[in-house]
>>> print(open('final-v7.txt').read())   # compact mmCIF, C-alpha atoms and all ligand atoms
# COMPACT_ATOMS: atom_id res chain seq x y z
CA GLY A 24 -24.38 3.79 29.73
CA GLU A 25 -25.79 7.05 31.07
CA GLU A 26 -26.40 8.31 27.58
CA GLY A 27 -28.57 5.29 26.92
CA VAL A 28 -30.57 5.99 30.08
CA GLN A 29 -30.99 9.60 29.15
CA GLY A 30 -31.86 8.69 25.59
CA ALA A 31 -34.38 6.17 26.87
CA ARG A 32 -35.97 8.76 29.16
CA ARG A 33 -36.37 11.05 26.22
CA ARG A 34 -37.77 8.23 24.08
CA GLN A 35 -36.22 9.92 21.11
CA GLU A 36 -35.34 7.42 18.46
CA VAL A 37 -32.25 8.16 16.43
CA HIS A 38 -31.94 6.92 12.89
CA VAL A 39 -28.33 7.02 11.77
CA VAL A 40 -27.08 6.79 8.18
CA MET A 41 -23.50 5.61 8.36
CA GLY A 42 -20.87 5.45 5.59
CA ASN A 43 -17.75 3.34 5.75
CA GLU A 44 -14.76 4.09 7.94
CA ALA A 45 -12.58 5.22 5.07
CA CYS A 46 -15.02 8.08 4.52
CA ASP A 47 -14.18 8.57 0.85
CA LEU A 48 -16.27 10.91 -1.28
CA ASP A 49 -18.76 8.22 -2.22
CA SER A 50 -19.23 7.16 1.35
CA THR A 51 -19.59 10.73 2.61
CA VAL A 52 -21.98 11.92 -0.07
CA SER A 53 -24.07 8.76 0.05
CA ALA A 54 -24.51 9.17 3.80
CA LEU A 55 -25.19 12.91 3.63
CA ALA A 56 -27.56 12.78 0.69
CA LEU A 57 -29.53 9.86 2.02
CA ALA A 58 -29.72 11.31 5.52
CA TYR A 59 -30.85 14.59 4.04
CA PHE A 60 -33.44 12.83 1.96
CA LEU A 61 -34.66 10.92 5.00
CA ALA A 62 -34.71 13.97 7.22
CA LYS A 63 -35.95 16.44 4.61
CA VAL A 64 -34.32 19.15 6.64
CA SER A 65 -31.18 21.05 5.90
CA ILE A 66 -28.04 19.70 7.47
CA PRO A 67 -25.73 22.54 8.48
CA ASP A 68 -22.26 21.26 9.21
CA SER A 69 -22.70 22.19 12.86
CA SER A 70 -25.32 19.46 12.94
CA LEU A 71 -23.06 16.80 11.48
CA ILE A 72 -22.29 14.10 13.98
CA PHE A 73 -19.22 12.01 13.35
CA ARG A 74 -18.95 8.37 14.20
CA ASP A 75 -16.64 8.94 17.14
CA GLU A 76 -18.93 11.58 18.66
CA ILE A 77 -21.96 9.42 19.22
CA ASP A 78 -22.48 6.44 21.45
CA LEU A 79 -24.34 4.25 18.99
CA ALA A 80 -23.95 1.24 21.27
CA GLY A 81 -25.64 3.15 24.11
CA LEU A 82 -28.52 4.20 21.88
CA HIS A 83 -28.85 0.65 20.66
CA ARG A 84 -28.87 -0.77 24.19
CA ALA A 85 -31.70 1.64 24.95
CA GLY A 86 -33.57 0.30 21.93
CA LEU A 87 -33.51 3.67 20.21
CA LEU A 88 -31.28 3.01 17.22
CA SER A 89 -32.07 2.11 13.67
CA LEU A 90 -29.18 2.13 11.27
CA THR A 91 -28.80 2.53 7.52
CA LEU A 92 -25.44 1.50 6.09
CA VAL A 93 -24.29 3.13 2.86
CA ASP A 94 -21.20 2.26 0.81
CA HIS A 95 -20.42 -0.73 3.03
CA HIS A 96 -22.37 -3.55 4.58
CA ILE A 97 -19.99 -5.13 7.05
CA LEU A 98 -19.60 -3.34 10.33
CA PRO A 99 -16.13 -3.07 11.84
CA SER A 100 -15.76 -5.63 14.61
CA ALA A 101 -15.87 -2.85 17.20
CA ASP A 102 -19.41 -2.09 16.00
CA ALA A 103 -20.56 -5.70 15.69
CA ALA A 104 -23.13 -5.20 18.46
CA LEU A 105 -24.98 -2.75 16.21
CA GLU A 106 -25.77 -5.40 13.60
CA ASP A 107 -29.33 -5.98 14.71
CA ALA A 108 -30.05 -2.24 14.52
CA VAL A 109 -29.40 -2.29 10.76
CA VAL A 110 -32.68 -1.79 8.88
CA ASP A 111 -31.40 -0.67 5.49
CA VAL A 112 -28.27 -1.26 3.40
CA LEU A 113 -27.25 0.49 0.19
CA ASP A 114 -23.97 -0.83 -1.14
CA HIS A 115 -22.20 -1.45 -4.42
CA ARG A 116 -19.88 -4.26 -3.48
CA PRO A 117 -20.66 -7.98 -3.57
CA LEU A 118 -22.76 -9.08 -0.63
CA GLU A 119 -20.51 -10.91 1.80
CA ARG A 120 -22.96 -11.66 4.54
CA GLU A 121 -26.65 -12.24 5.00
CA TRP A 122 -29.01 -9.91 6.74
CA ALA A 123 -32.32 -10.58 8.37
CA PRO A 124 -35.28 -10.56 5.96
CA SER A 125 -36.57 -7.47 7.73
CA CYS A 126 -33.53 -5.52 6.58
CA GLN A 127 -34.02 -3.66 3.30
CA LEU A 128 -31.14 -4.51 0.96
CA THR A 129 -30.15 -2.46 -2.07
CA VAL A 130 -26.94 -4.10 -3.18
CA GLU A 131 -26.04 -3.58 -6.83
CA LEU A 132 -22.60 -3.66 -8.44
CA VAL A 133 -22.76 -0.14 -9.85
CA GLY A 134 -19.81 2.24 -10.02
CA SER A 135 -20.85 4.43 -7.12
CA CYS A 136 -23.06 4.02 -4.10
CA ALA A 137 -24.25 7.55 -4.89
CA THR A 138 -26.03 6.02 -7.89
CA LEU A 139 -28.11 3.85 -5.57
CA VAL A 140 -28.87 6.86 -3.37
CA THR A 141 -29.89 8.88 -6.44
CA GLU A 142 -32.22 6.09 -7.50
CA ARG A 143 -33.73 5.90 -4.01
CA ILE A 144 -34.32 9.64 -3.94
CA ALA A 145 -35.72 9.61 -7.47
CA GLN A 146 -38.27 6.99 -6.39
CA GLY A 147 -39.41 9.20 -3.54
CA PRO A 148 -41.79 12.15 -3.53
CA PRO A 149 -40.88 14.91 -5.97
CA GLY A 150 -39.31 18.13 -4.77
CA VAL A 151 -36.94 16.65 -2.21
CA LEU A 152 -33.86 16.76 -4.38
CA ASP A 153 -32.31 20.21 -4.28
CA ARG A 154 -29.47 21.59 -6.35
CA THR A 155 -26.77 21.10 -3.71
CA THR A 156 -27.64 17.46 -3.12
CA ALA A 157 -27.86 16.89 -6.87
CA ALA A 158 -24.41 18.43 -7.38
CA LEU A 159 -22.94 16.24 -4.61
CA LEU A 160 -24.39 13.06 -6.10
CA HIS A 161 -23.52 14.04 -9.67
CA GLY A 162 -19.87 14.78 -8.85
CA THR A 163 -19.50 11.63 -6.79
CA ILE A 164 -20.84 9.37 -9.53
CA LEU A 165 -18.48 11.01 -12.03
CA LEU A 166 -15.49 10.60 -9.72
CA ASP A 167 -16.23 6.97 -8.89
CA SER A 168 -16.95 6.02 -12.48
CA VAL A 169 -13.75 7.70 -13.73
CA ASN A 170 -15.78 10.25 -15.63
CA LEU A 171 -18.06 7.50 -16.98
CA SER A 172 -15.13 6.25 -19.04
CA PRO A 173 -15.89 2.82 -20.55
CA ALA A 174 -12.15 2.04 -20.64
CA ALA A 175 -11.87 2.35 -16.85
CA GLY A 176 -14.50 -0.33 -16.45
CA LYS A 177 -16.18 1.23 -13.42
CA ALA A 178 -19.26 2.83 -14.88
CA THR A 179 -22.44 0.86 -15.42
CA PRO A 180 -25.50 1.94 -17.43
CA ARG A 181 -27.22 2.81 -14.14
CA ASP A 182 -24.45 5.24 -13.21
CA ALA A 183 -24.76 6.93 -16.59
CA LEU A 184 -28.54 6.99 -16.28
CA CYS A 185 -28.38 8.72 -12.88
CA VAL A 186 -25.93 11.30 -14.19
CA SER A 187 -28.35 12.03 -17.04
CA LEU A 188 -31.28 12.16 -14.67
CA LEU A 189 -29.54 14.68 -12.39
CA GLU A 190 -28.56 16.79 -15.40
CA SER A 191 -32.08 16.77 -16.78
CA ARG A 192 -33.39 18.12 -13.47
CA PHE A 193 -30.51 20.56 -12.97
CA PRO A 194 -29.25 21.60 -16.41
CA GLU A 195 -26.89 24.12 -14.82
CA LEU A 196 -24.65 21.34 -13.46
CA PRO A 197 -21.13 21.92 -14.83
CA PRO A 198 -19.70 19.77 -17.66
CA HIS A 199 -18.33 16.33 -16.76
CA ASP A 200 -14.71 17.08 -17.54
CA SER A 201 -14.50 20.15 -15.33
CA ILE A 202 -16.17 18.42 -12.36
CA TYR A 203 -14.06 15.31 -12.73
CA GLY A 204 -10.87 17.32 -13.10
CA ALA A 205 -11.64 19.46 -10.06
CA LEU A 206 -12.50 16.47 -7.85
CA GLN A 207 -9.49 14.49 -8.98
CA ALA A 208 -7.25 17.47 -8.22
CA ALA A 209 -8.87 17.97 -4.80
CA LYS A 210 -8.42 14.30 -4.00
CA PHE A 211 -4.67 14.55 -4.38
CA ASP A 212 -4.28 18.06 -3.01
CA VAL A 213 -2.41 17.79 0.26
CA SER A 214 -1.43 21.42 0.52
CA GLY A 215 -2.27 22.71 3.95
CA LEU A 216 -2.10 19.31 5.62
CA THR A 217 0.32 18.78 8.47
CA THR A 218 2.62 15.78 8.26
CA GLU A 219 0.48 14.02 10.83
CA GLN A 220 -2.64 14.66 8.73
CA MET A 221 -0.87 13.41 5.61
CA LEU A 222 0.10 10.24 7.42
CA ARG A 223 -3.50 9.73 8.55
CA LYS A 224 -5.13 10.57 5.22
CA ASP A 225 -4.70 7.15 3.65
CA LEU A 226 -3.53 4.92 6.47
CA LYS A 227 -3.58 1.15 6.70
CA THR A 228 -1.87 -1.00 9.24
CA VAL A 229 -0.73 -4.60 9.29
CA SER A 230 -0.29 -6.45 12.54
CA GLY A 231 1.96 -9.28 13.52
CA ASP A 232 2.05 -11.03 16.86
CA GLU A 233 4.14 -8.30 18.40
CA HIS A 234 4.21 -5.38 16.03
CA VAL A 235 1.95 -3.04 14.20
CA LEU A 236 3.32 -1.56 11.03
CA ALA A 237 1.67 1.46 9.44
CA THR A 238 1.51 2.24 5.74
CA SER A 239 0.56 5.72 4.64
CA GLY A 240 -0.31 6.72 1.12
CA ILE A 241 1.46 10.04 0.54
CA TYR A 242 0.28 12.22 -2.30
CA MET A 243 3.49 14.04 -3.02
CA ASP A 244 6.98 13.22 -4.25
CA ILE A 245 8.83 11.21 -1.63
CA GLU A 246 11.94 13.35 -1.77
CA LEU A 247 9.88 16.47 -1.12
CA PHE A 248 8.08 14.66 1.67
CA LEU A 249 11.34 13.66 3.33
CA ARG A 250 12.41 17.29 3.37
CA ARG A 251 9.37 18.56 5.21
CA PRO A 252 10.33 20.66 8.23
CA GLY A 253 10.16 18.71 11.46
CA LEU A 254 9.62 15.45 9.61
CA LEU A 255 11.58 13.17 11.93
CA GLN A 256 9.90 14.53 15.03
CA ASP A 257 6.50 14.13 13.39
CA LEU A 258 7.24 10.56 12.33
CA GLU A 259 8.45 9.67 15.78
CA THR A 260 5.46 11.25 17.52
CA PHE A 261 3.05 9.60 15.08
CA CYS A 262 4.52 6.12 15.52
CA ARG A 263 4.92 6.41 19.28
CA ALA A 264 1.41 7.75 19.90
CA ARG A 265 -0.16 4.95 17.91
CA GLY A 266 2.19 2.16 18.84
CA TYR A 267 3.59 1.58 15.38
CA SER A 268 6.95 -0.15 15.22
CA ALA A 269 7.63 1.15 11.75
CA LEU A 270 6.01 3.19 9.04
CA VAL A 271 6.10 2.67 5.29
CA ALA A 272 5.22 5.77 3.31
CA MET A 273 4.10 4.97 -0.22
CA THR A 274 3.62 7.47 -2.98
CA VAL A 275 1.98 7.21 -6.33
CA SER A 276 1.73 9.90 -8.96
CA PHE A 277 0.42 9.76 -12.50
CA ASN A 278 1.66 11.36 -15.66
CA GLU A 279 -0.66 12.78 -18.31
CA ARG A 280 -1.07 9.29 -19.79
CA TYR A 281 -2.23 7.99 -16.39
CA GLU A 282 0.94 5.91 -15.98
CA PRO A 283 1.91 5.59 -12.32
CA THR A 284 5.24 6.32 -10.66
CA ARG A 285 5.70 4.76 -7.24
CA GLN A 286 8.11 5.43 -4.39
CA LEU A 287 8.53 3.98 -0.91
CA ALA A 288 10.14 5.11 2.32
CA VAL A 289 10.64 2.98 5.42
CA TYR A 290 10.97 4.68 8.78
CA SER A 291 11.63 3.28 12.22
CA GLN A 292 13.19 4.59 15.38
CA HIS A 293 14.98 1.30 15.79
CA GLU A 294 18.72 1.50 15.44
CA ALA A 295 18.88 -1.44 13.10
CA LEU A 296 17.36 0.54 10.30
CA ARG A 297 20.48 2.62 10.16
CA SER A 298 22.36 -0.35 8.80
CA THR A 299 22.80 -0.81 5.10
CA VAL A 300 21.40 -3.64 3.09
CA SER A 301 24.70 -5.49 3.29
CA ALA A 302 24.43 -5.23 7.06
CA ALA A 303 20.94 -6.60 6.71
CA ARG A 304 22.34 -9.64 5.00
CA THR A 305 24.78 -10.09 7.86
CA ALA A 306 21.99 -9.72 10.37
CA HIS A 307 19.99 -12.27 8.49
CA ALA A 308 22.85 -14.73 8.77
CA HIS A 309 22.37 -14.56 12.52
CA PRO A 310 18.65 -14.46 13.00
CA PRO A 311 17.49 -13.25 16.39
CA ALA A 312 16.28 -15.83 18.83
CA ARG A 313 12.54 -16.40 19.05
CA GLY A 314 10.86 -13.93 21.32
CA TYR A 315 13.07 -11.06 20.23
CA ALA A 316 10.75 -8.22 21.04
CA ALA A 317 11.87 -5.34 18.91
CA LEU A 318 10.88 -5.34 15.26
CA CYS A 319 14.02 -5.36 13.21
CA PRO A 320 13.26 -2.82 10.48
CA LEU A 321 15.82 -4.57 8.35
CA GLN A 322 13.22 -7.27 8.03
CA VAL A 323 10.91 -4.71 6.53
CA CYS A 324 13.47 -3.36 4.08
CA ARG A 325 14.69 -6.83 3.21
CA ALA A 326 11.20 -8.12 2.68
CA LEU A 327 10.44 -5.26 0.34
CA GLU A 328 13.76 -5.47 -1.50
CA GLU A 329 13.68 -9.21 -1.92
CA ALA A 330 9.99 -9.78 -2.49
CA THR A 331 9.23 -12.00 -5.45
CA THR A 332 5.43 -12.13 -5.42
CA PRO A 333 5.55 -9.61 -6.89
CA ALA A 334 9.10 -8.29 -7.23
CA LEU A 335 8.96 -4.57 -6.45
CA GLN A 336 12.21 -3.75 -8.30
CA LEU A 337 13.31 -1.22 -5.69
CA GLN A 338 16.15 1.17 -6.34
CA ALA A 339 17.56 3.08 -3.40
CA LEU A 340 16.98 6.82 -3.43
CA PRO A 341 19.10 9.27 -1.46
CA SER A 342 17.56 9.88 1.96
CA PRO A 343 18.40 12.87 4.11
CA TRP A 344 17.80 10.80 7.25
CA PRO A 345 19.73 7.79 8.49
CA CYS A 346 16.58 6.27 9.97
CA VAL A 347 14.66 6.47 6.69
CA SER A 348 15.30 4.28 3.66
CA ALA A 349 13.82 5.56 0.43
CA TYR A 350 13.27 3.72 -2.82
CA ALA A 351 11.94 4.17 -6.31
CA GLN A 352 9.64 1.27 -7.09
CA GLY A 353 10.41 -0.08 -10.54
CA ASN A 354 7.35 -2.32 -10.58
CA THR A 355 4.78 0.44 -10.85
CA LEU A 356 1.92 -2.02 -11.14
CA ALA A 357 2.44 -3.25 -7.57
CA SER A 358 -0.07 -1.16 -5.66
CA ARG A 359 -0.35 -1.11 -1.89
CA LYS A 360 -2.76 -4.00 -2.16
CA LYS A 361 0.19 -6.07 -3.41
CA VAL A 362 2.68 -4.66 -0.93
CA LEU A 363 0.62 -5.23 2.21
CA PRO A 364 0.93 -9.05 2.10
CA ILE A 365 4.70 -8.67 1.79
CA LEU A 366 4.75 -6.51 4.90
CA ARG A 367 2.41 -8.84 6.72
CA ALA A 368 4.74 -11.72 5.93
CA ALA A 369 7.70 -9.70 7.18
CA LEU A 370 5.88 -9.10 10.47
CA GLY A 371 4.96 -12.74 10.70
CA GLY A 372 8.42 -13.31 12.12
CA GLY A 373 10.60 -16.29 11.44
CA PRO A 374 11.32 -17.95 8.13
CA GLY A 375 8.54 -20.02 6.63
CA SER A 376 5.80 -18.01 8.29
CA ALA A 377 4.87 -15.93 5.29
CA ALA A 378 1.26 -14.83 5.10
CA GLY A 379 -0.82 -17.78 4.10
CA PRO A 380 -2.71 -17.67 0.83
CA GLU A 381 -6.01 -17.66 2.69
CA GLU A 382 -4.99 -14.44 4.36
CA GLU A 383 -4.17 -12.81 1.05
CA ALA A 384 -7.31 -14.08 -0.59
CA ALA A 385 -9.65 -12.79 2.09
CA PRO A 386 -11.10 -9.50 0.87
CA PRO A 387 -11.32 -6.68 3.38
CA PRO A 388 -14.83 -6.06 4.67
CA THR A 389 -14.78 -2.41 3.74
CA PRO A 390 -12.27 -0.45 1.71
CA MET A 391 -9.36 1.54 3.03
CA ASN A 392 -8.84 1.68 6.75
CA SER A 393 -10.78 -1.40 7.61
CA LEU A 394 -8.18 -3.81 6.31
CA VAL A 395 -7.33 -4.58 9.89
CA GLU A 396 -9.02 -4.48 13.24
CA GLU A 397 -6.77 -1.75 14.57
CA SER A 398 -8.28 0.90 12.38
CA PRO A 399 -7.53 4.53 13.11
CA LEU A 400 -11.09 4.99 14.28
CA ALA A 401 -10.62 2.39 16.96
CA GLN A 402 -7.69 4.22 18.45
CA ALA A 403 -7.09 7.40 20.31
CA VAL A 404 -10.72 8.40 20.14
CA PRO A 405 -11.36 11.14 22.65
CA PRO A 406 -14.07 10.43 25.18
CA VAL A 407 -17.39 11.79 24.06
CA CYS A 408 -19.75 13.71 26.20
CA PRO A 409 -23.11 12.03 25.59
CA GLN A 410 -25.00 15.17 26.57
CA ALA A 411 -23.33 17.06 23.75
CA VAL A 412 -24.44 14.46 21.25
CA LEU A 413 -28.00 14.39 22.50
CA GLU A 414 -28.10 18.17 22.53
CA ARG A 415 -27.03 18.17 18.93
CA VAL A 416 -29.57 15.52 17.99
CA SER A 417 -32.32 17.36 19.79
CA ARG A 418 -31.31 20.62 18.13
CA MET A 419 -31.82 18.90 14.80
CA ALA A 420 -35.04 17.34 15.96
CA ALA A 421 -36.26 20.68 17.30
CA GLU A 422 -36.31 22.06 13.78
CA GLN A 423 -38.87 19.43 12.86
CA PRO A 424 -40.39 18.12 16.07
CA PRO A 425 -42.16 14.79 15.87
CA PRO A 426 -45.91 15.05 16.61
CA ASP A 427 -45.63 13.28 19.98
CA SER A 428 -42.46 15.05 21.08
CA ASP A 429 -42.49 15.45 24.86
CA LYS A 430 -39.52 17.80 25.17
MN MN B 1 -18.12 3.46 -2.88
>>> encode(input="final-v7.txt", output="C-alpha cells")
Amino acid sequence: GEEGVQGARRRQEVHVVMGNEACDLDSTVSALALAYFLAKVSIPDSSLIFRDEIDLAGLHRAGLLSLTLVDHHILPSADAALEDAVVDVLDHRPLEREWAPSCQLTVELVGSCATLVTERIAQGPPGVLDRTTAALLHGTILLDSVNLSPAAGKATPRDALCVSLLESRFPELPPHDSIYGALQAAKFDVSGLTTEQMLRKDLKTVSGDEHVLATSGIYMDIELFLRRPGLLQDLETFCRARGYSALVAMTVSFNERYEPTRQLAVYSQHEALRSTVSAARTAHAHPPARGYAALCPLQVCRALEEATTPALQLQALPSPWPCVSAYAQGNTLASRKKVLPILRAALGGGPGSAAGPEEEAAPPPTPMNSLVEESPLAQAVPPVCPQAVLERVSRMAAEQPPPDSDK
C-alpha cells in the first residue's frame, strides 16, 4: 500500500510490541512495559498506537517491521502474514507452534506475562526501570496470580520473586491486598460504560454455517441490566451492526467467599423468541426444512435449557421484554467456556450435528476474543490514514532520532 511506499522511502524501521487481542491487563502492561524498556523513552498516551490504527502488513511488505509478541504467540489469522516479522516472543502459555530459530522465545508457564517482562528488564542495564513501570508490572503480577495465593494455583515462584524484586527496588509500592483489591474492583467496574461498551467489553462469538451468535460477559446483575434505559434499541443496533443473529448475555458475580452466581439472558429480534418454552417444544416437533435461513432463537433457548454436558440447571427469571429470555443458572460451575460449545452445537443446525469433540478440545490460540475468526477487531474497523500513523511514529522517533536519521 501507499503507507508501505512512504515508509520505505523514509527507511524508518518500526519495531512493534503487540499484546493479544483481548487486551487484558497483563497483555496491556506487558506490551507497554516492554516497549518502554525497548524504547527507553517516555510513552505519553498520545503516542500510543492501537492495533487498528497501524498498517502492520504495509510496513511488513516494505520490509520495515520487526515484531515482538507478548502474552500470546499465535497471531490471529487476519495477521498471519506478519508471522515472519516476529523476532521475539514472551508468553506464559504452552507453546502451540514452532518459530524460526532466529526468533527469540521466552515461553514459561508463569502466572503472568508481566513476570517475564520484569525478568527481561531486570537483566538489562540498570536504571531503566522507573517507578511507574514498576507499579504497572507489580500490580499486574498480583492480579494475574490472584494476589500470589497458593490456593488459586496461578502463582509460581518466579512470579513471587519478581514481586519481591520490584518491592525491593521500590519500597513505596502499596501493600498487596490494597493493590489486588483495587484492581479486582476496577476490573468489574462497569459504571460509566454505555450498553454497547458493556456488550463489547467481554465479547466472544460462535459461528455456524449461517449465523453468528454473540456472547457478552456482563458485570452486573442481569435484572438491573435488562432495565437499562434504551436497552432494546441498543441490543438491536449492536446485533444489526455486527451481523449477530442473537446475543447471549452472561453474568457472573461472586460473594465474599468467592462463590459465583450466574445468570443468562437470550436476545434476538426474531419473532420466534417471543414464544414460550412449550411453544419451543411444539416448534421442535416440526423442525424447519433444511436451508431455513433465519436462526430460530428457540434453538438457542432450548439448547441452553436442555443441555446435558453440562446441565446448566436454568430457572426462568422475569424479563421485562418479550424478546429477551432471562435465567438464573443453577449450575454455577458452568463458565462461558462450558456454555460456548452448547451454543456452537445449537448453531450447527439439524439434529445430530452437535459440535464434535475435536472442536471442543481445540484450545483457542489466544484468550478471550480470539476464540473465533470473527473477532471484534476484525470487524467494523475504521479506515486508517497511514500518514497519521507515520506522523505519530515519527513524532516518537523525533524525541530520540536514530544516528542516521534522514528526516
Ligand atoms: Mn496473560
>>> residues_near_ligand(input="final-v7.txt", ligand="ligand MN 1 (chain B)", cutoff="6 Å", atoms="only C-alpha atoms and all ligand atoms", output="ChimeraX atom specification")
/A:49-50,94,135-136
>>> residues_around(input="final-v7.txt", residues="range 331-345 of chain A", least_positions_apart="6", cutoff="6 Å", atoms="only C-alpha atoms", output="list in words")
Arg297, Ala351, Gln352, Gly353 and Asn354 of chain A
>>> atom_distance(input="final-v7.txt", atom1="CA of Thr355 in chain A", atom2="CA of Thr284 in chain A")
5.9 Å
>>> atom_distance(input="final-v7.txt", atom1="CA of Gly371 in chain A", atom2="CA of Ile241 in chain A")
25.2 Å
>>> residues_around(input="final-v7.txt", residues="range 216-225 of chain A", least_positions_apart="4", cutoff="7 Å", atoms="all atoms listed in the file", output="list in words")
Ser239, Gly240, Ile241, Asp257 and Phe261 of chain A
>>> closest_atom_pairs(input="final-v7.txt", of="range 53-104 of chain A", to="range 122-126 of chain A", cutoff="10 Å", atoms="only C-alpha atoms", output="CSV")
residue,atom,partner,partner_atom,distance
A:Leu90,CA,A:Cys126,CA,10.0
A:Thr91,CA,A:Cys126,CA,9.4
A:His96,CA,A:Trp122,CA,9.4
>>> closest_residue(input="final-v7.txt", among="A:Cys46, A:Leu366, A:Cys346, A:Leu270", to="Glu328 in chain A", atoms="all atoms listed in the file")
A:Leu366
>>> closest_residue(input="final-v7.txt", among="A:Glu142, A:Val112, A:Phe60, A:Met273", to="Leu128 in chain A", atoms="all atoms listed in the file")
A:Val112
>>> atom_distance(input="final-v7.txt", atom1="CA of Leu79 in chain A", atom2="CA of Val40 in chain A")
11.4 Å
>>> residues_around(input="final-v7.txt", residues="Thr156 in chain A", least_positions_apart="6", cutoff="12 Å", atoms="all atoms listed in the file", output="compact mmCIF listing (two decimals) with C-alpha atoms, keeping the file's coordinate frame")
# COMPACT_ATOMS: atom_id res chain seq x y z
CA THR A 51 -19.59 10.73 2.61
CA VAL A 52 -21.98 11.92 -0.07
CA SER A 53 -24.07 8.76 0.05
CA ALA A 54 -24.51 9.17 3.80
CA LEU A 55 -25.19 12.91 3.63
CA ALA A 56 -27.56 12.78 0.69
CA LEU A 57 -29.53 9.86 2.02
CA ALA A 58 -29.72 11.31 5.52
CA TYR A 59 -30.85 14.59 4.04
CA PHE A 60 -33.44 12.83 1.96
CA LYS A 63 -35.95 16.44 4.61
CA VAL A 64 -34.32 19.15 6.64
CA SER A 65 -31.18 21.05 5.90
CA ILE A 66 -28.04 19.70 7.47
CA ALA A 137 -24.25 7.55 -4.89
CA VAL A 140 -28.87 6.86 -3.37
CA THR A 141 -29.89 8.88 -6.44
CA ILE A 144 -34.32 9.64 -3.94
CA GLY A 150 -39.31 18.13 -4.77
CA GLY A 162 -19.87 14.78 -8.85
CA THR A 163 -19.50 11.63 -6.79
CA LEU A 189 -29.54 14.68 -12.39
CA ARG A 192 -33.39 18.12 -13.47
CA PHE A 193 -30.51 20.56 -12.97
CA LEU A 196 -24.65 21.34 -13.46
>>> residues_around(input="final-v7.txt", residues="Ser201 in chain A", least_positions_apart="5", cutoff="12 Å", atoms="only C-alpha atoms", output="PyMOL selection string")
chain A and resi 162+165-166+170+196+206-208
>>> closest_residue(input="final-v7.txt", among="A:Leu98, A:Val133, A:Val39, A:Leu171", to="Arg120 in chain A", atoms="all atoms listed in the file")
A:Leu98
>>> residues_around(input="final-v7.txt", residues="Leu363 in chain A", least_positions_apart="6", cutoff="9 Å", atoms="all atoms listed in the file", output="ChimeraX atom specification")
/A:227-229,238
>>> closest_residue(input="final-v7.txt", among="A:Asn278, A:Ser191, A:Thr129, A:Ser172", to="Ala157 in chain A", atoms="all atoms listed in the file")
A:Ser191
>>> decode(input="final-v7.txt", residues="range 151-163 of chain A", atoms="N, CA and C atoms", output="JSON list (two decimals), in the first residue's frame")
[["chain", "number", "residue", "atom", "x", "y", "z"],
["A", 151, "VAL", "N", 16.81, 1.61, 34.03],
["A", 151, "VAL", "CA", 15.73, 1.75, 33.05],
["A", 151, "VAL", "C", 14.38, 1.70, 33.73],
["A", 152, "LEU", "N", 14.29, 0.84, 34.74],
["A", 152, "LEU", "CA", 13.00, 0.63, 35.39],
["A", 152, "LEU", "C", 12.65, 1.83, 36.26],
["A", 153, "ASP", "N", 11.56, 2.50, 35.93],
["A", 153, "ASP", "CA", 11.14, 3.62, 36.77],
["A", 153, "ASP", "C", 9.95, 3.19, 37.63],
["A", 154, "ARG", "N", 9.53, 4.09, 38.50],
["A", 154, "ARG", "CA", 8.51, 3.74, 39.47],
["A", 154, "ARG", "C", 7.17, 3.39, 38.80],
["A", 155, "THR", "N", 6.81, 4.15, 37.77],
["A", 155, "THR", "CA", 5.52, 3.89, 37.12],
["A", 155, "THR", "C", 5.50, 2.51, 36.48],
["A", 156, "THR", "N", 6.56, 2.19, 35.75],
["A", 156, "THR", "CA", 6.62, 0.88, 35.10],
["A", 156, "THR", "C", 6.63, -0.22, 36.15],
["A", 157, "ALA", "N", 7.37, 0.01, 37.24],
["A", 157, "ALA", "CA", 7.42, -1.00, 38.31],
["A", 157, "ALA", "C", 6.04, -1.21, 38.91],
["A", 158, "ALA", "N", 5.29, -0.12, 39.11],
["A", 158, "ALA", "CA", 3.95, -0.25, 39.70],
["A", 158, "ALA", "C", 3.02, -0.99, 38.75],
["A", 159, "LEU", "N", 3.15, -0.74, 37.44],
["A", 159, "LEU", "CA", 2.31, -1.44, 36.46],
["A", 159, "LEU", "C", 2.59, -2.94, 36.49],
["A", 160, "LEU", "N", 3.87, -3.29, 36.48],
["A", 160, "LEU", "CA", 4.24, -4.71, 36.46],
["A", 160, "LEU", "C", 3.83, -5.40, 37.77],
["A", 161, "HIS", "N", 4.10, -4.72, 38.87],
["A", 161, "HIS", "CA", 3.80, -5.25, 40.20],
["A", 161, "HIS", "C", 2.31, -5.55, 40.34],
["A", 162, "GLY", "N", 1.46, -4.58, 39.98],
["A", 162, "GLY", "CA", 0.02, -4.77, 40.09],
["A", 162, "GLY", "C", -0.48, -5.87, 39.17],
["A", 163, "THR", "N", 0.10, -5.94, 37.98],
["A", 163, "THR", "CA", -0.35, -6.95, 37.02],
["A", 163, "THR", "C", -0.01, -8.36, 37.50]]
